[in-house]
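Everything below belongs to start-v6.pdb, which stores PDB, N, CA and C atoms.
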ATOM      1  N   MET L   1      -2.816  20.134  -3.654
ATOM      2  CA  MET L   1      -2.771  21.018  -4.789
ATOM      3  C   MET L   1      -1.370  21.599  -4.966
ATOM      4  N   VAL L   2      -0.724  21.876  -3.872
ATOM      5  CA  VAL L   2       0.619  22.444  -3.934
ATOM      6  C   VAL L   2       1.588  21.436  -4.545
ATOM      7  N   ILE L   3       1.446  20.174  -4.157
ATOM      8  CA  ILE L   3       2.323  19.134  -4.683
ATOM      9  C   ILE L   3       2.142  19.011  -6.191
ATOM     10  N   TYR L   4       0.892  19.108  -6.658
ATOM     11  CA  TYR L   4       0.619  19.024  -8.095
ATOM     12  C   TYR L   4       1.386  20.107  -8.843
ATOM     13  N   TYR L   5       1.318  21.335  -8.343
ATOM     14  CA  TYR L   5       1.999  22.433  -9.020
ATOM     15  C   TYR L   5       3.514  22.291  -8.954
ATOM     16  N   GLU L   6       4.022  21.763  -7.852
ATOM     17  CA  GLU L   6       5.464  21.526  -7.755
ATOM     18  C   GLU L   6       5.899  20.524  -8.816
ATOM     19  N   ASN L   7       5.116  19.448  -8.979
ATOM     20  CA  ASN L   7       5.449  18.447  -9.990
ATOM     21  C   ASN L   7       5.331  19.021 -11.394
ATOM     22  N   LEU L   8       4.325  19.849 -11.618
ATOM     23  CA  LEU L   8       4.131  20.464 -12.921
ATOM     24  C   LEU L   8       5.311  21.365 -13.271
ATOM     25  N   PHE L   9       5.730  22.189 -12.325
ATOM     26  CA  PHE L   9       6.863  23.076 -12.577
ATOM     27  C   PHE L   9       8.150  22.273 -12.792
ATOM     28  N   LYS L  10       8.289  21.201 -12.066
ATOM     29  CA  LYS L  10       9.464  20.349 -12.233
ATOM     30  C   LYS L  10       9.498  19.779 -13.646
ATOM     31  N   LYS L  11       8.337  19.301 -14.129
ATOM     32  CA  LYS L  11       8.267  18.752 -15.485
ATOM     33  C   LYS L  11       8.579  19.820 -16.522
ATOM     34  N   LEU L  12       7.990  21.000 -16.348
ATOM     35  CA  LEU L  12       8.207  22.066 -17.322
ATOM     36  C   LEU L  12       9.666  22.513 -17.344
ATOM     37  N   ARG L  13      10.269  22.587 -16.164
ATOM     38  CA  ARG L  13      11.674  22.968 -16.090
ATOM     39  C   ARG L  13      12.530  21.929 -16.810
ATOM     40  N   GLU L  14      12.193  20.656 -16.588
ATOM     41  CA  GLU L  14      12.930  19.584 -17.244
ATOM     42  C   GLU L  14      12.764  19.671 -18.760
ATOM     43  N   VAL L  15      11.558  19.967 -19.200
ATOM     44  CA  VAL L  15      11.300  20.045 -20.635
ATOM     45  C   VAL L  15      12.071  21.190 -21.261
ATOM     46  N   PHE L  16      12.031  22.350 -20.661
ATOM     47  CA  PHE L  16      12.628  23.515 -21.294
ATOM     48  C   PHE L  16      14.107  23.709 -20.980
ATOM     49  N   ASP L  17      14.599  23.099 -19.926
ATOM     50  CA  ASP L  17      16.017  23.243 -19.604
ATOM     51  C   ASP L  17      16.863  22.127 -20.210
ATOM     52  N   LEU L  18      16.374  20.894 -20.133
ATOM     53  CA  LEU L  18      17.195  19.768 -20.572
ATOM     54  C   LEU L  18      17.018  19.442 -22.044
ATOM     55  N   ALA L  19      15.758  19.401 -22.481
ATOM     56  CA  ALA L  19      15.505  19.020 -23.870
ATOM     57  C   ALA L  19      15.739  20.223 -24.780
ATOM     58  N   HIS L  20      16.415  19.974 -25.892
ATOM     59  CA  HIS L  20      16.744  21.076 -26.790
ATOM     60  C   HIS L  20      15.841  21.124 -28.012
ATOM     61  N   SER L  21      15.525  19.978 -28.557
ATOM     62  CA  SER L  21      14.686  19.973 -29.755
ATOM     63  C   SER L  21      13.219  19.837 -29.374
ATOM     64  N   LYS L  22      12.359  20.156 -30.323
ATOM     65  CA  LYS L  22      10.922  20.082 -30.086
ATOM     66  C   LYS L  22      10.491  18.639 -29.821
ATOM     67  N   SER L  23      11.058  17.704 -30.559
ATOM     68  CA  SER L  23      10.684  16.302 -30.377
ATOM     69  C   SER L  23      11.163  15.770 -29.025
ATOM     70  N   ALA L  24      12.314  16.232 -28.568
ATOM     71  CA  ALA L  24      12.818  15.798 -27.263
ATOM     72  C   ALA L  24      11.940  16.332 -26.143
ATOM     73  N   LYS L  25      11.459  17.558 -26.301
ATOM     74  CA  LYS L  25      10.550  18.128 -25.307
ATOM     75  C   LYS L  25       9.257  17.332 -25.242
ATOM     76  N   LYS L  26       8.755  16.949 -26.424
ATOM     77  CA  LYS L  26       7.526  16.163 -26.462
ATOM     78  C   LYS L  26       7.745  14.796 -25.823
ATOM     79  N   ARG L  27       8.892  14.172 -26.084
ATOM     80  CA  ARG L  27       9.164  12.851 -25.524
ATOM     81  C   ARG L  27       9.202  12.889 -24.003
ATOM     82  N   VAL L  28       9.736  13.966 -23.435
ATOM     83  CA  VAL L  28       9.771  14.098 -21.973
ATOM     84  C   VAL L  28       8.347  14.127 -21.427
ATOM     85  N   LEU L  29       7.478  14.909 -22.062
ATOM     86  CA  LEU L  29       6.102  15.014 -21.591
ATOM     87  C   LEU L  29       5.336  13.708 -21.776
ATOM     88  N   VAL L  30       5.508  13.062 -22.918
ATOM     89  CA  VAL L  30       4.806  11.808 -23.193
ATOM     90  C   VAL L  30       5.292  10.701 -22.264
ATOM     91  N   ALA L  31       6.594  10.649 -22.028
ATOM     92  CA  ALA L  31       7.139   9.624 -21.132
ATOM     93  C   ALA L  31       6.601   9.787 -19.719
ATOM     94  N   GLU L  32       6.480  11.021 -19.272
ATOM     95  CA  GLU L  32       5.944  11.271 -17.928
ATOM     96  C   GLU L  32       4.469  10.864 -17.855
ATOM     97  N   ARG L  33       3.715  11.199 -18.887
ATOM     98  CA  ARG L  33       2.296  10.831 -18.917
ATOM     99  C   ARG L  33       2.137   9.317 -18.894
ATOM    100  N   ASN L  34       2.942   8.621 -19.693
ATOM    101  CA  ASN L  34       2.874   7.157 -19.731
ATOM    102  C   ASN L  34       3.300   6.546 -18.400
ATOM    103  N   ARG L  35       4.309   7.128 -17.764
ATOM    104  CA  ARG L  35       4.769   6.612 -16.464
ATOM    105  C   ARG L  35       3.660   6.693 -15.438
ATOM    106  N   GLU L  36       2.955   7.822 -15.410
ATOM    107  CA  GLU L  36       1.855   7.987 -14.454
ATOM    108  C   GLU L  36       0.726   6.994 -14.731
ATOM    109  N   ARG L  37       0.416   6.793 -16.012
ATOM    110  CA  ARG L  37      -0.649   5.853 -16.360
ATOM    111  C   ARG L  37      -0.256   4.428 -15.976
ATOM    112  N   ASN L  38       0.981   4.047 -16.283
ATOM    113  CA  ASN L  38       1.454   2.704 -15.956
ATOM    114  C   ASN L  38       1.439   2.471 -14.455
ATOM    115  N   GLN L  39       1.826   3.486 -13.708
ATOM    116  CA  GLN L  39       1.843   3.394 -12.246
ATOM    117  C   GLN L  39       0.428   3.176 -11.716
ATOM    118  N   ALA L  40      -0.543   3.877 -12.292
ATOM    119  CA  ALA L  40      -1.935   3.740 -11.850
ATOM    120  C   ALA L  40      -2.470   2.344 -12.153
ATOM    121  N   VAL L  41      -2.148   1.816 -13.319
ATOM    122  CA  VAL L  41      -2.625   0.483 -13.699
ATOM    123  C   VAL L  41      -2.006  -0.574 -12.799
ATOM    124  N   LYS L  42      -0.716  -0.465 -12.545
ATOM    125  CA  LYS L  42      -0.048  -1.441 -11.673
ATOM    126  C   LYS L  42      -0.603  -1.393 -10.254
ATOM    127  N   SER L  43      -0.918  -0.198  -9.786
ATOM    128  CA  SER L  43      -1.498  -0.054  -8.455
ATOM    129  C   SER L  43      -2.869  -0.721  -8.402
ATOM    130  N   ARG L  44      -3.665  -0.519  -9.452
ATOM    131  CA  ARG L  44      -4.996  -1.125  -9.499
ATOM    132  C   ARG L  44      -4.885  -2.648  -9.525
ATOM    133  N   ILE L  45      -3.896  -3.176 -10.242
ATOM    134  CA  ILE L  45      -3.694  -4.622 -10.300
ATOM    135  C   ILE L  45      -3.338  -5.163  -8.919
ATOM    136  N   LYS L  46      -2.439  -4.464  -8.216
ATOM    137  CA  LYS L  46      -2.060  -4.903  -6.869
ATOM    138  C   LYS L  46      -3.267  -4.934  -5.948
ATOM    139  N   THR L  47      -4.148  -3.949  -6.079
ATOM    140  CA  THR L  47      -5.351  -3.904  -5.254
ATOM    141  C   THR L  47      -6.248  -5.090  -5.545
ATOM    142  N   MET L  48      -6.446  -5.402  -6.814
ATOM    143  CA  MET L  48      -7.308  -6.521  -7.193
ATOM    144  C   MET L  48      -6.731  -7.854  -6.717
ATOM    145  N   VAL L  49      -5.432  -8.017  -6.832
ATOM    146  CA  VAL L  49      -4.785  -9.246  -6.371
ATOM    147  C   VAL L  49      -4.925  -9.366  -4.857
ATOM    148  N   LYS L  50      -4.775  -8.242  -4.169
ATOM    149  CA  LYS L  50      -4.913  -8.247  -2.719
ATOM    150  C   LYS L  50      -6.326  -8.651  -2.293
ATOM    151  N   LYS L  51      -7.332  -8.204  -3.055
ATOM    152  CA  LYS L  51      -8.716  -8.575  -2.754
ATOM    153  C   LYS L  51      -8.914 -10.080  -2.881
ATOM    154  N   VAL L  52      -8.298 -10.674  -3.880
ATOM    155  CA  VAL L  52      -8.391 -12.130  -4.045
ATOM    156  C   VAL L  52      -7.739 -12.827  -2.860
ATOM    157  N   LEU L  53      -6.567 -12.377  -2.476
ATOM    158  CA  LEU L  53      -5.840 -13.030  -1.382
ATOM    159  C   LEU L  53      -6.565 -12.888  -0.049
ATOM    160  N   VAL L  54      -7.200 -11.731   0.173
ATOM    161  CA  VAL L  54      -7.967 -11.543   1.407
ATOM    162  C   VAL L  54      -9.157 -12.480   1.432
ATOM    163  N   ALA L  55      -9.839 -12.621   0.297
ATOM    164  CA  ALA L  55     -10.989 -13.529   0.224
ATOM    165  C   ALA L  55     -10.556 -14.970   0.442
ATOM    166  N   VAL L  56      -9.384 -15.335  -0.045
ATOM    167  CA  VAL L  56      -8.869 -16.694   0.162
ATOM    168  C   VAL L  56      -8.539 -16.902   1.636
ATOM    169  N   GLU L  57      -7.937 -15.896   2.267
ATOM    170  CA  GLU L  57      -7.611 -16.003   3.688
ATOM    171  C   GLU L  57      -8.865 -16.198   4.539
ATOM    172  N   LEU L  58      -9.942 -15.517   4.149
ATOM    173  CA  LEU L  58     -11.204 -15.636   4.884
ATOM    174  C   LEU L  58     -12.002 -16.869   4.481
ATOM    175  N   LYS L  59     -11.468 -17.627   3.511
ATOM    176  CA  LYS L  59     -12.088 -18.857   3.014
ATOM    177  C   LYS L  59     -13.494 -18.611   2.450
ATOM    178  N   GLU L  60     -13.655 -17.492   1.762
ATOM    179  CA  GLU L  60     -14.911 -17.169   1.089
ATOM    180  C   GLU L  60     -14.781 -17.567  -0.374
ATOM    181  N   VAL L  61     -15.390 -18.692  -0.725
ATOM    182  CA  VAL L  61     -15.201 -19.267  -2.050
ATOM    183  C   VAL L  61     -15.806 -18.374  -3.141
ATOM    184  N   GLU L  62     -17.058 -17.985  -2.966
ATOM    185  CA  GLU L  62     -17.736 -17.197  -4.007
ATOM    186  C   GLU L  62     -17.073 -15.829  -4.185
ATOM    187  N   THR L  63     -16.746 -15.200  -3.081
ATOM    188  CA  THR L  63     -16.101 -13.881  -3.143
ATOM    189  C   THR L  63     -14.742 -13.977  -3.819
ATOM    190  N   SER L  64     -13.991 -15.012  -3.498
ATOM    191  CA  SER L  64     -12.660 -15.152  -4.085
ATOM    192  C   SER L  64     -12.754 -15.431  -5.580
ATOM    193  N   LYS L  65     -13.755 -16.206  -6.009
ATOM    194  CA  LYS L  65     -13.913 -16.476  -7.440
ATOM    195  C   LYS L  65     -14.318 -15.210  -8.191
ATOM    196  N   ALA L  66     -15.189 -14.415  -7.594
ATOM    197  CA  ALA L  66     -15.589 -13.156  -8.220
ATOM    198  C   ALA L  66     -14.403 -12.190  -8.300
ATOM    199  N   ALA L  67     -13.637 -12.110  -7.222
ATOM    200  CA  ALA L  67     -12.463 -11.234  -7.204
ATOM    201  C   ALA L  67     -11.407 -11.732  -8.190
ATOM    202  N   LEU L  68     -11.288 -13.040  -8.333
ATOM    203  CA  LEU L  68     -10.337 -13.617  -9.279
ATOM    204  C   LEU L  68     -10.693 -13.229 -10.709
ATOM    205  N   SER L  69     -11.977 -13.235 -11.007
ATOM    206  CA  SER L  69     -12.432 -12.843 -12.345
ATOM    207  C   SER L  69     -12.066 -11.390 -12.651
ATOM    208  N   VAL L  70     -12.268 -10.518 -11.681
ATOM    209  CA  VAL L  70     -11.934  -9.098 -11.860
ATOM    210  C   VAL L  70     -10.421  -8.931 -11.996
ATOM    211  N   ALA L  71      -9.667  -9.670 -11.208
ATOM    212  CA  ALA L  71      -8.207  -9.583 -11.272
ATOM    213  C   ALA L  71      -7.703 -10.073 -12.623
ATOM    214  N   TYR L  72      -8.295 -11.145 -13.147
ATOM    215  CA  TYR L  72      -7.923 -11.647 -14.471
ATOM    216  C   TYR L  72      -8.124 -10.567 -15.524
ATOM    217  N   LYS L  73      -9.252  -9.894 -15.444
ATOM    218  CA  LYS L  73      -9.578  -8.856 -16.429
ATOM    219  C   LYS L  73      -8.538  -7.735 -16.387
ATOM    220  N   GLU L  74      -8.188  -7.289 -15.185
ATOM    221  CA  GLU L  74      -7.201  -6.208 -15.045
ATOM    222  C   GLU L  74      -5.822  -6.650 -15.537
ATOM    223  N   LEU L  75      -5.443  -7.887 -15.210
ATOM    224  CA  LEU L  75      -4.141  -8.394 -15.643
ATOM    225  C   LEU L  75      -4.072  -8.502 -17.165
ATOM    226  N   ASP L  76      -5.144  -9.003 -17.770
ATOM    227  CA  ASP L  76      -5.166  -9.132 -19.230
ATOM    228  C   ASP L  76      -5.124  -7.762 -19.910
ATOM    229  N   LYS L  77      -5.793  -6.789 -19.307
ATOM    230  CA  LYS L  77      -5.762  -5.429 -19.858
ATOM    231  C   LYS L  77      -4.339  -4.866 -19.830
ATOM    232  N   ALA L  78      -3.620  -5.161 -18.752
ATOM    233  CA  ALA L  78      -2.248  -4.669 -18.631
ATOM    234  C   ALA L  78      -1.361  -5.260 -19.721
ATOM    235  N   VAL L  79      -1.622  -6.508 -20.101
ATOM    236  CA  VAL L  79      -0.839  -7.131 -21.169
ATOM    237  C   VAL L  79      -1.148  -6.465 -22.499
ATOM    238  N   THR L  80      -2.422  -6.251 -22.779
ATOM    239  CA  THR L  80      -2.788  -5.673 -24.073
ATOM    240  C   THR L  80      -2.285  -4.237 -24.199
ATOM    241  N   LYS L  81      -2.172  -3.523 -23.099
ATOM    242  CA  LYS L  81      -1.665  -2.154 -23.143
ATOM    243  C   LYS L  81      -0.139  -2.101 -23.103
ATOM    244  N   GLY L  82       0.507  -3.250 -22.914
ATOM    245  CA  GLY L  82       1.956  -3.296 -22.913
ATOM    246  C   GLY L  82       2.589  -2.863 -21.612
ATOM    247  N   ILE L  83       1.821  -2.871 -20.539
ATOM    248  CA  ILE L  83       2.337  -2.435 -19.244
ATOM    249  C   ILE L  83       3.066  -3.575 -18.535
ATOM    250  N   MET L  84       2.551  -4.785 -18.708
ATOM    251  CA  MET L  84       3.192  -5.958 -18.117
ATOM    252  C   MET L  84       3.429  -6.988 -19.211
ATOM    253  N   LYS L  85       4.407  -7.865 -18.994
ATOM    254  CA  LYS L  85       4.709  -8.893 -19.977
ATOM    255  C   LYS L  85       3.760 -10.078 -19.836
ATOM    256  N   LYS L  86       3.564 -10.761 -20.943
ATOM    257  CA  LYS L  86       2.604 -11.856 -21.011
ATOM    258  C   LYS L  86       2.923 -12.970 -20.020
ATOM    259  N   ASN L  87       4.183 -13.364 -19.945
ATOM    260  CA  ASN L  87       4.555 -14.469 -19.062
ATOM    261  C   ASN L  87       4.417 -14.088 -17.592
ATOM    262  N   THR L  88       4.701 -12.846 -17.257
ATOM    263  CA  THR L  88       4.549 -12.381 -15.874
ATOM    264  C   THR L  88       3.094 -12.472 -15.456
ATOM    265  N   VAL L  89       2.214 -12.015 -16.326
ATOM    266  CA  VAL L  89       0.783 -12.045 -16.023
ATOM    267  C   VAL L  89       0.290 -13.484 -15.950
ATOM    268  N   SER L  90       0.776 -14.324 -16.849
ATOM    269  CA  SER L  90       0.385 -15.730 -16.845
ATOM    270  C   SER L  90       0.779 -16.392 -15.528
ATOM    271  N   ARG L  91       1.971 -16.086 -15.046
ATOM    272  CA  ARG L  91       2.445 -16.642 -13.775
ATOM    273  C   ARG L  91       1.583 -16.168 -12.609
ATOM    274  N   LYS L  92       1.273 -14.864 -12.597
ATOM    275  CA  LYS L  92       0.439 -14.319 -11.519
ATOM    276  C   LYS L  92      -0.944 -14.962 -11.519
ATOM    277  N   LYS L  93      -1.525 -15.113 -12.720
ATOM    278  CA  LYS L  93      -2.854 -15.711 -12.832
ATOM    279  C   LYS L  93      -2.848 -17.159 -12.355
ATOM    280  N   ALA L  94      -1.811 -17.903 -12.702
ATOM    281  CA  ALA L  94      -1.722 -19.310 -12.298
ATOM    282  C   ALA L  94      -1.602 -19.437 -10.776
ATOM    283  N   ARG L  95      -0.824 -18.560 -10.179
ATOM    284  CA  ARG L  95      -0.640 -18.629  -8.726
ATOM    285  C   ARG L  95      -1.917 -18.243  -7.988
ATOM    286  N   LEU L  96      -2.623 -17.239  -8.514
ATOM    287  CA  LEU L  96      -3.898 -16.865  -7.903
ATOM    288  C   LEU L  96      -4.914 -17.993  -8.029
ATOM    289  N   ALA L  97      -5.001 -18.570  -9.220
ATOM    290  CA  ALA L  97      -5.959 -19.661  -9.454
ATOM    291  C   ALA L  97      -5.663 -20.856  -8.555
ATOM    292  N   ALA L  98      -4.393 -21.145  -8.335
ATOM    293  CA  ALA L  98      -4.023 -22.260  -7.473
ATOM    294  C   ALA L  98      -4.509 -22.019  -6.049
ATOM    295  N   ARG L  99      -4.369 -20.775  -5.581
ATOM    296  CA  ARG L  99      -4.834 -20.461  -4.223
ATOM    297  C   ARG L  99      -6.339 -20.569  -4.117
ATOM    298  N   VAL L 100      -7.055 -20.068  -5.122
ATOM    299  CA  VAL L 100      -8.512 -20.112  -5.086
ATOM    300  C   VAL L 100      -9.007 -21.556  -5.196
ATOM    301  N   ASN L 101      -8.390 -22.339  -6.061
ATOM    302  CA  ASN L 101      -8.820 -23.725  -6.241
ATOM    303  C   ASN L 101      -8.485 -24.596  -5.038
ATOM    304  N   ALA L 102      -7.570 -24.153  -4.202
ATOM    305  CA  ALA L 102      -7.215 -24.929  -3.005
ATOM    306  C   ALA L 102      -8.295 -24.840  -1.929
ATOM    307  N   LEU L 103      -9.222 -23.903  -2.085
ATOM    308  CA  LEU L 103     -10.301 -23.775  -1.078
ATOM    309  C   LEU L 103     -11.257 -24.940  -1.125
TER     310      LEU L 103
END
Go ahead and render the structure in this file as structure tokens.
Amino acid sequence: MVIYYENLFKKLREVFDLAHSKSAKKRVLVAERNRERNQAVKSRIKTMVKKVLVAVELKEVETSKAALSVAYKELDKAVTKGIMKKNTVSRKKARLAARVNAL
């Protein structure tokens, strides 16, 4: 809880000390909100990819295919939200599929 308040005060100080216009203050707040959201989505994607790789390591075909489906969904969502680029996601999906299909 203390860390949350420290971050909040840091953001507010940045907004009111650095930004001079109303629109600049809003941009600081919106950029921070978007950064946190993007960070959460990327973290969730890494977790899903890791689940696929663990299932492949354990040679569990059904589990890896199910995890691959969930990972595909998360990766595609990241593209539609503009968090990751289309080609990056396409490359990640192809590499995951290659590992799963090698089982």
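Here CA of Arg44 in chain L and CA of Lys77 in chain L stand 11.2 Å from one another.
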If I take atom N of Leu29 in chain L and atom N of Lys86 in chain L, how far is one from the other in Å, to one decimal?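 If I compute the distance from atom N of Leu29 in chain L to atom N of Lys86 in chain L, I get 26.0 Å.
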As an exercise, work out the distance from CA of Lys11 in chain L to CA of Val41 in chain L in Å and give it to one decimal place.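 Rounded to one decimal, the two atoms are 21.3 Å apart.
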Starting from the displayed file, determine the output of the PyMOL selection byres (((chain L and resi 59-75 and name CA) around 7) and name CA) and express the residue list as an NGL selection string. :L and (45 or 48-49 or 51-52 or 55-58 or 76-79 or 89 or 93 or 100 or 103)
Could those residues be written to a file, using N, CA and C atoms, as a PDB file, keeping the file's coordinate frame?
ATOM      1  N   ILE L  45      -3.896  -3.176 -10.242  1.00  0.00           N
ATOM      2  CA  ILE L  45      -3.694  -4.622 -10.300  1.00  0.00           C
ATOM      3  C   ILE L  45      -3.338  -5.163  -8.919  1.00  0.00           C
ATOM      4  N   MET L  48      -6.446  -5.402  -6.814  1.00  0.00           N
ATOM      5  CA  MET L  48      -7.308  -6.521  -7.193  1.00  0.00           C
ATOM      6  C   MET L  48      -6.731  -7.854  -6.717  1.00  0.00           C
ATOM      7  N   VAL L  49      -5.432  -8.017  -6.832  1.00  0.00           N
ATOM      8  CA  VAL L  49      -4.785  -9.246  -6.371  1.00  0.00           C
ATOM      9  C   VAL L  49      -4.925  -9.366  -4.857  1.00  0.00           C
ATOM     10  N   LYS L  51      -7.332  -8.204  -3.055  1.00  0.00           N
ATOM     11  CA  LYS L  51      -8.716  -8.575  -2.754  1.00  0.00           C
ATOM     12  C   LYS L  51      -8.914 -10.080  -2.881  1.00  0.00           C
ATOM     13  N   VAL L  52      -8.298 -10.674  -3.880  1.00  0.00           N
ATOM     14  CA  VAL L  52      -8.391 -12.130  -4.045  1.00  0.00           C
ATOM     15  C   VAL L  52      -7.739 -12.827  -2.860  1.00  0.00           C
ATOM     16  N   ALA L  55      -9.839 -12.621   0.297  1.00  0.00           N
ATOM     17  CA  ALA L  55     -10.989 -13.529   0.224  1.00  0.00           C
ATOM     18  C   ALA L  55     -10.556 -14.970   0.442  1.00  0.00           C
ATOM     19  N   VAL L  56      -9.384 -15.335  -0.045  1.00  0.00           N
ATOM     20  CA  VAL L  56      -8.869 -16.694   0.162  1.00  0.00           C
ATOM     21  C   VAL L  56      -8.539 -16.902   1.636  1.00  0.00           C
ATOM     22  N   GLU L  57      -7.937 -15.896   2.267  1.00  0.00           N
ATOM     23  CA  GLU L  57      -7.611 -16.003   3.688  1.00  0.00           C
ATOM     24  C   GLU L  57      -8.865 -16.198   4.539  1.00  0.00           C
ATOM     25  N   LEU L  58      -9.942 -15.517   4.149  1.00  0.00           N
ATOM     26  CA  LEU L  58     -11.204 -15.636   4.884  1.00  0.00           C
ATOM     27  C   LEU L  58     -12.002 -16.869   4.481  1.00  0.00           C
ATOM     28  N   ASP L  76      -5.144  -9.003 -17.770  1.00  0.00           N
ATOM     29  CA  ASP L  76      -5.166  -9.132 -19.230  1.00  0.00           C
ATOM     30  C   ASP L  76      -5.124  -7.762 -19.910  1.00  0.00           C
ATOM     31  N   LYS L  77      -5.793  -6.789 -19.307  1.00  0.00           N
ATOM     32  CA  LYS L  77      -5.762  -5.429 -19.858  1.00  0.00           C
ATOM     33  C   LYS L  77      -4.339  -4.866 -19.830  1.00  0.00           C
ATOM     34  N   ALA L  78      -3.620  -5.161 -18.752  1.00  0.00           N
ATOM     35  CA  ALA L  78      -2.248  -4.669 -18.631  1.00  0.00           C
ATOM     36  C   ALA L  78      -1.361  -5.260 -19.721  1.00  0.00           C
ATOM     37  N   VAL L  79      -1.622  -6.508 -20.101  1.00  0.00           N
ATOM     38  CA  VAL L  79      -0.839  -7.131 -21.169  1.00  0.00           C
ATOM     39  C   VAL L  79      -1.148  -6.465 -22.499  1.00  0.00           C
ATOM     40  N   VAL L  89       2.214 -12.015 -16.326  1.00  0.00           N
ATOM     41  CA  VAL L  89       0.783 -12.045 -16.023  1.00  0.00           C
ATOM     42  C   VAL L  89       0.290 -13.484 -15.950  1.00  0.00           C
ATOM     43  N   LYS L  93      -1.525 -15.113 -12.720  1.00  0.00           N
ATOM     44  CA  LYS L  93      -2.854 -15.711 -12.832  1.00  0.00           C
ATOM     45  C   LYS L  93      -2.848 -17.159 -12.355  1.00  0.00           C
ATOM     46  N   VAL L 100      -7.055 -20.068  -5.122  1.00  0.00           N
ATOM     47  CA  VAL L 100      -8.512 -20.112  -5.086  1.00  0.00           C
ATOM     48  C   VAL L 100      -9.007 -21.556  -5.196  1.00  0.00           C
ATOM     49  N   LEU L 103      -9.222 -23.903  -2.085  1.00  0.00           N
ATOM     50  CA  LEU L 103     -10.301 -23.775  -1.078  1.00  0.00           C
ATOM     51  C   LEU L 103     -11.257 -24.940  -1.125  1.00  0.00           C
TER      52      LEU L 103
END
Please enclose the listed atoms of range 89-95 of chain L in an axis-aligned box, pad each side by 5 Å, and write out the centre and the three edge lengths in Å, rounded to one decimal, as JSON.
{"center_x": -0.2, "center_y": -15.7, "center_z": -12.4, "size_x": 15.3, "size_y": 17.4, "size_z": 18.9}
